[in-house]
Amino acid sequence: KEVRKSSNKNLSFVFYVFKCMLDKQIADNTIIERTMISTYYFERNNVDERYFDEVMKENIIPDLTFLLYASSSTRCQRIYKRNHEDEDLHSSEALYDGYPIMIDFMKKYNIPCIIINTERYSLSQVIEICTLISNEYQKLTCDDDKAKLINEANKKYGIRDLDLEKEKTYEKRI
């Protein structure tokens, strides 16, 4: 939180990039909560795009990324249920539909990703889905087979029924 409060807008970028680089150095079979996708989402307005291009040359792309989709109203309900006094309910990036921004970033850098529409699944089902896919993914050695698994998982669990083009306005939706 202190890093995000700094008046030096490059500090957050450098801090989170460093974290992503360290995470990539950790042994295989590690689950990482935040990656460059979230760093880009939160820092894109503070840092020139060319810095992201340079950093992404460092191969800090995870083997597989899960992006968990939920509408802003669902996110607000979940935050409220967890803590009805949470500051994120009043002013936060959590209130915005930023999925098109993150998806564009993943496409630009060819980040293998499965987008799960959590509107349709309970928390335990999402955990079960991610575990099942992760276990299957780890068994695969051929890149074509991995790409096929990702494609099939996106069709089955993903955002095929969401109109993300409509959401490209990046408006605050409450």
# chains A, B, ... in the order shown; residues from 1 in each chain; ligands from 1
>>> select_by_dssp(residues="region 24-165 of chain A", states="helix (DSSP H, G or I)", output="PyMOL selection string")
chain A and resi 24-25+36-43+49-56+72-82+87-89+93-95+99-108+118-120+123-139+143-157
>>> residues_around(residues="Cys76 (chain A)", least_positions_apart="5", cutoff="10 Å", atoms="only C-alpha atoms", output="tab-separated table (two decimals) with N, CA and C atoms, in the first residue's frame")
chain	number	residue	atom	x	y	z
A	70	ALA	N	-15.77	-11.52	-13.34
A	70	ALA	CA	-17.02	-11.25	-12.63
A	70	ALA	C	-17.41	-9.82	-12.97
A	71	SER	N	-18.68	-9.58	-13.17
A	71	SER	CA	-19.15	-8.23	-13.47
A	71	SER	C	-18.87	-7.32	-12.28
A	81	LYS	N	-20.02	-8.63	0.88
A	81	LYS	CA	-20.26	-9.83	1.70
A	81	LYS	C	-19.04	-10.14	2.56
A	82	ARG	N	-17.85	-9.94	1.99
A	82	ARG	CA	-16.61	-10.21	2.72
A	82	ARG	C	-16.37	-9.16	3.81
A	84	HIS	N	-18.35	-5.33	4.59
A	84	HIS	CA	-19.23	-4.25	4.12
A	84	HIS	C	-18.64	-2.86	4.35
A	86	ASP	N	-15.35	-2.29	3.44
A	86	ASP	CA	-14.16	-2.29	2.60
A	86	ASP	C	-14.10	-1.01	1.76
A	88	ASP	N	-12.73	-0.52	-1.00
A	88	ASP	CA	-12.90	-0.80	-2.42
A	88	ASP	C	-14.34	-0.59	-2.89
A	89	LEU	N	-15.28	-0.57	-1.99
A	89	LEU	CA	-16.68	-0.35	-2.37
A	89	LEU	C	-16.95	1.10	-2.77
A	90	HIS	N	-16.05	2.00	-2.42
A	90	HIS	CA	-16.28	3.43	-2.67
A	90	HIS	C	-15.46	4.00	-3.81
A	94	ALA	N	-11.42	-2.00	-8.59
A	94	ALA	CA	-12.28	-3.18	-8.52
A	94	ALA	C	-13.69	-2.89	-9.02
A	95	LEU	N	-14.05	-1.62	-9.08
A	95	LEU	CA	-15.40	-1.25	-9.51
A	95	LEU	C	-15.51	-1.08	-11.02
A	174	ILE	N	-21.61	0.52	-11.58
A	174	ILE	CA	-22.01	0.13	-10.23
A	174	ILE	C	-23.50	-0.18	-10.25
>>> residues_around(residues="Ile127 (chain A)", least_positions_apart="4", cutoff="12 Å", atoms="only C-alpha atoms", output="MDAnalysis selection string")
chainID A and resid 66 68 116 118 121:123 131:134
>>> write_last_selection(atoms="C-alpha atoms", output="PDB file, in the first residue's frame")
ATOM      1  CA  PHE A  66      -6.363 -17.897 -15.055  1.00  0.00           C
ATOM      2  CA  LEU A  68     -11.420 -14.866 -13.220  1.00  0.00           C
ATOM      3  CA  ILE A 116     -13.298 -18.289 -16.352  1.00  0.00           C
ATOM      4  CA  THR A 118     -17.172 -16.935 -12.307  1.00  0.00           C
ATOM      5  CA  TYR A 121     -19.794 -20.992 -10.821  1.00  0.00           C
ATOM      6  CA  SER A 122     -19.468 -21.111  -7.052  1.00  0.00           C
ATOM      7  CA  LEU A 123     -16.103 -20.526  -5.384  1.00  0.00           C
ATOM      8  CA  THR A 131      -7.247 -27.491 -10.223  1.00  0.00           C
ATOM      9  CA  LEU A 132      -8.500 -29.845 -12.931  1.00  0.00           C
ATOM     10  CA  ILE A 133      -7.112 -27.696 -15.741  1.00  0.00           C
ATOM     11  CA  SER A 134      -3.780 -27.145 -13.944  1.00  0.00           C
TER      12      SER A 134
END
>>> residues_around(residues="Gln138 (chain A)", least_positions_apart="3", cutoff="12 Å", atoms="only C-alpha atoms", output="PyMOL selection string")
chain A and resi 28-30+63-64+131-135+141-143+145-146+149
>>> write_last_selection(atoms="N, CA and C atoms", output="PDB file, in the first residue's frame")
ATOM      1  N   ASP A  28       9.165 -24.591 -10.354  1.00  0.00           N
ATOM      2  CA  ASP A  28       7.963 -24.945 -11.106  1.00  0.00           C
ATOM      3  C   ASP A  28       6.840 -25.352 -10.160  1.00  0.00           C
ATOM      4  N   ASN A  29       5.661 -25.466 -10.709  1.00  0.00           N
ATOM      5  CA  ASN A  29       4.467 -25.883  -9.973  1.00  0.00           C
ATOM      6  C   ASN A  29       4.113 -24.907  -8.856  1.00  0.00           C
ATOM      7  N   THR A  30       4.317 -23.635  -9.124  1.00  0.00           N
ATOM      8  CA  THR A  30       4.009 -22.594  -8.149  1.00  0.00           C
ATOM      9  C   THR A  30       2.836 -21.769  -8.657  1.00  0.00           C
ATOM     10  N   ASP A  63       3.426 -19.983 -17.157  1.00  0.00           N
ATOM     11  CA  ASP A  63       3.072 -21.060 -18.079  1.00  0.00           C
ATOM     12  C   ASP A  63       1.584 -21.027 -18.409  1.00  0.00           C
ATOM     13  N   LEU A  64       0.775 -20.701 -17.427  1.00  0.00           N
ATOM     14  CA  LEU A  64      -0.670 -20.662 -17.604  1.00  0.00           C
ATOM     15  C   LEU A  64      -1.249 -19.618 -16.666  1.00  0.00           C
ATOM     16  N   THR A 131      -8.065 -26.343 -10.620  1.00  0.00           N
ATOM     17  CA  THR A 131      -7.247 -27.491 -10.223  1.00  0.00           C
ATOM     18  C   THR A 131      -7.235 -28.543 -11.330  1.00  0.00           C
ATOM     19  N   LEU A 132      -8.399 -28.853 -11.860  1.00  0.00           N
ATOM     20  CA  LEU A 132      -8.500 -29.845 -12.931  1.00  0.00           C
ATOM     21  C   LEU A 132      -7.675 -29.422 -14.151  1.00  0.00           C
ATOM     22  N   ILE A 133      -7.845 -28.193 -14.572  1.00  0.00           N
ATOM     23  CA  ILE A 133      -7.112 -27.696 -15.741  1.00  0.00           C
ATOM     24  C   ILE A 133      -5.608 -27.673 -15.465  1.00  0.00           C
ATOM     25  N   SER A 134      -5.207 -27.195 -14.298  1.00  0.00           N
ATOM     26  CA  SER A 134      -3.780 -27.145 -13.944  1.00  0.00           C
ATOM     27  C   SER A 134      -3.159 -28.530 -13.967  1.00  0.00           C
ATOM     28  N   ASN A 135      -3.853 -29.487 -13.391  1.00  0.00           N
ATOM     29  CA  ASN A 135      -3.333 -30.857 -13.354  1.00  0.00           C
ATOM     30  C   ASN A 135      -3.183 -31.430 -14.766  1.00  0.00           C
ATOM     31  N   THR A 141       3.183 -32.147 -22.691  1.00  0.00           N
ATOM     32  CA  THR A 141       4.535 -31.722 -23.061  1.00  0.00           C
ATOM     33  C   THR A 141       4.562 -30.989 -24.399  1.00  0.00           C
ATOM     34  N   CYS A 142       3.594 -31.219 -25.236  1.00  0.00           N
ATOM     35  CA  CYS A 142       3.541 -30.612 -26.566  1.00  0.00           C
ATOM     36  C   CYS A 142       2.797 -29.276 -26.509  1.00  0.00           C
ATOM     37  N   ASP A 143       3.392 -28.227 -27.061  1.00  0.00           N
ATOM     38  CA  ASP A 143       2.764 -26.897 -27.062  1.00  0.00           C
ATOM     39  C   ASP A 143       1.409 -26.899 -27.767  1.00  0.00           C
ATOM     40  N   ASP A 145      -0.729 -29.367 -27.831  1.00  0.00           N
ATOM     41  CA  ASP A 145      -1.694 -29.966 -26.903  1.00  0.00           C
ATOM     42  C   ASP A 145      -2.086 -28.974 -25.804  1.00  0.00           C
ATOM     43  N   LYS A 146      -1.104 -28.197 -25.342  1.00  0.00           N
ATOM     44  CA  LYS A 146      -1.393 -27.175 -24.331  1.00  0.00           C
ATOM     45  C   LYS A 146      -2.341 -26.118 -24.899  1.00  0.00           C
ATOM     46  N   LEU A 149      -5.841 -27.529 -25.068  1.00  0.00           N
ATOM     47  CA  LEU A 149      -6.472 -27.558 -23.743  1.00  0.00           C
ATOM     48  C   LEU A 149      -6.967 -26.159 -23.364  1.00  0.00           C
TER      49      LEU A 149
END
>>> atom_distance(atom1="CA of Pro62 (chain A)", atom2="CA of Ile32 (chain A)")
8.5 Å
>>> closest_residue(among="A:Phe13, A:Tyr109, A:Tyr96, A:Tyr69", to="Asn154 (chain A)", atoms="only C-alpha atoms")
A:Tyr69
>>> select_by_dssp(residues="region 60-116 of chain A", states="strand (DSSP E)", output="list in words")
Thr65, Phe66, Leu67, Leu68, Tyr69, Cys113, Ile114, Ile115 and Ile116 of chain A
>>> residues_around(residues="region 49-59 of chain A", least_positions_apart="4", cutoff="9 Å", atoms="only C-alpha atoms", output="JSON, numbers by chain")
{"A": [17, 21, 24, 36, 40, 44, 45, 109]}
>>> closest_residue(among="A:Ser124, A:Ile61, A:Glu43, A:Ser72", to="Asn110 (chain A)", atoms="only C-alpha atoms")
A:Ile61
>>> closest_residue(among="A:Tyr137, A:Tyr41, A:Tyr80, A:Tyr16", to="Ile103 (chain A)", atoms="only C-alpha atoms")
A:Tyr41
>>> closest_residue(among="A:Gln25, A:Asn83, A:Thr65, A:Ser12", to="Thr39 (chain A)", atoms="only C-alpha atoms")
A:Ser12
